[in-house]
Each structure stands twice: as C-alpha cells, then as structure tokens.
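Report on one structure; see the data block that follows.
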Amino acid sequence: QVRLVESGGGLVQAGGSLRLSCVVSTPITNIYRLGWYRQAPGKQREPVATILATGVTNIVDSAKGRFSISRDNAKNTVYLQMHSLNSEDTAVYYCYLQLGPFDSNRWGQGTQVTVSS
C-alpha cells in the first residue's frame, strides 16, 4: 500500500515562507501525477499545485508567483515551496498522488499551515 507522509507545516507570519515535503513510500519516477491540495476551515478542499511525471507543473492562480512545486525522484519526495504567505493560505495541506491517468487519488494525512497577520 502506498503511503504519503507530509511535513513542514507550522505557524508563520504573513509574508513568510515555508517548504512542505511529502515522502512517498514507493519510487515516484513514473507516477503520473503528484500534487498538493489544501482545505481551509469551513471550505472545500481545493487544488494548489501539481507536477506530472514529465515535470510539467501547474499552480492555482491565487498562488502563482508565490508557490512552486518540485519533485526529487531520488528521495521519493515532492515539495511545495511557499513564499509571501498570507492569511488566506491558512489551511491543512494534503499531498496526493495519482499512479496513472485513470487511477483515483491517494492522500497523505495532511499538515497544518497557519499564517498569522
């Protein structure tokens, strides 16, 4: 069974930075899609960033220019680098993967990010 373990969340002041990590229990080189969602209190879970096996990335409009996603295949890890954080970025951030284009998403347990103003 594939496991995803996130880390790197915490409390940060507005304007600060955090880097989230997600370690996957299986080699990620050929995994179709890796990414991050977030869920703020009282809101639905929303996509934040994705990276395909080809290296193509996508960032949600609200985070473009501030967030970036990357993967280290040698470490089976995907990262979410976040800069210029604001209160609207406060949420639980979930790592996920999709083994193939028709597979369902598999999720980590989430890591809390809290931005204080």
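In the structure tokens, chains take the letters A, B, ... in the order shown, each chain's residues start at 1, and ligands count up from 1 in the order shown.
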Spatial neighbours of A:Pro41, max dist 10 Å, only C-alpha atoms, sep filter under 4 positions, as a PyMOL selection string: chain A and resi 45+90-92
Generate the output file for the selected residues, C-alpha atoms, as an mmCIF file, in the first residue's frame.
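Result went into part18.cif, see below:
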data_model
loop_
_atom_site.group_PDB
_atom_site.id
_atom_site.type_symbol
_atom_site.label_atom_id
_atom_site.label_comp_id
_atom_site.auth_asym_id
_atom_site.auth_seq_id
_atom_site.Cartn_x
_atom_site.Cartn_y
_atom_site.Cartn_z
ATOM 1 C CA ARG A 45 -10.628 21.069 -0.398
ATOM 2 C CA THR A 90 -4.034 29.129 6.233
ATOM 3 C CA ALA A 91 -5.248 25.572 5.712
ATOM 4 C CA VAL A 92 -4.437 21.928 6.093
#
Give me the residues near A:Val24 as a VMD selection string, where near means some atom within 8 Å (using only C-alpha atoms) and where sequence neighbours in that chain fewer than 5 positions away do not count. chain A and resid 2 to 5 76 to 77
At a cut-off of 10 Å, using only C-alpha atoms, what residues contact A:Gly9? Leave out same-chain residues fewer than 2 positions from it and give the result as an NGL selection string. :A and (6-7 or 11-12 or 18-21 or 91-93 or 110-114)
Which of chain A DSSP labels strand (DSSP E), written as a VMD selection string: chain A and resid 4 to 7 10 to 13 18 to 24 33 to 39 46 to 52 57 to 59 67 to 72 77 to 82 91 to 98 106 to 107 111 to 116
Neighbouring residues of stretch 96-104 of chain A were defined as those with any atom within 7 Å, considering only C-alpha atoms; residues of the same chain fewer than 5 positions away were excluded. Please report them as a list in words. Ile31, Tyr32, Arg33, Leu34, Gly35 and Trp36 of chain A
Just the number, please: distance in Å from atom CA of A:Asn105 to atom CA of A:Tyr79, one decimal. 17.4 Å
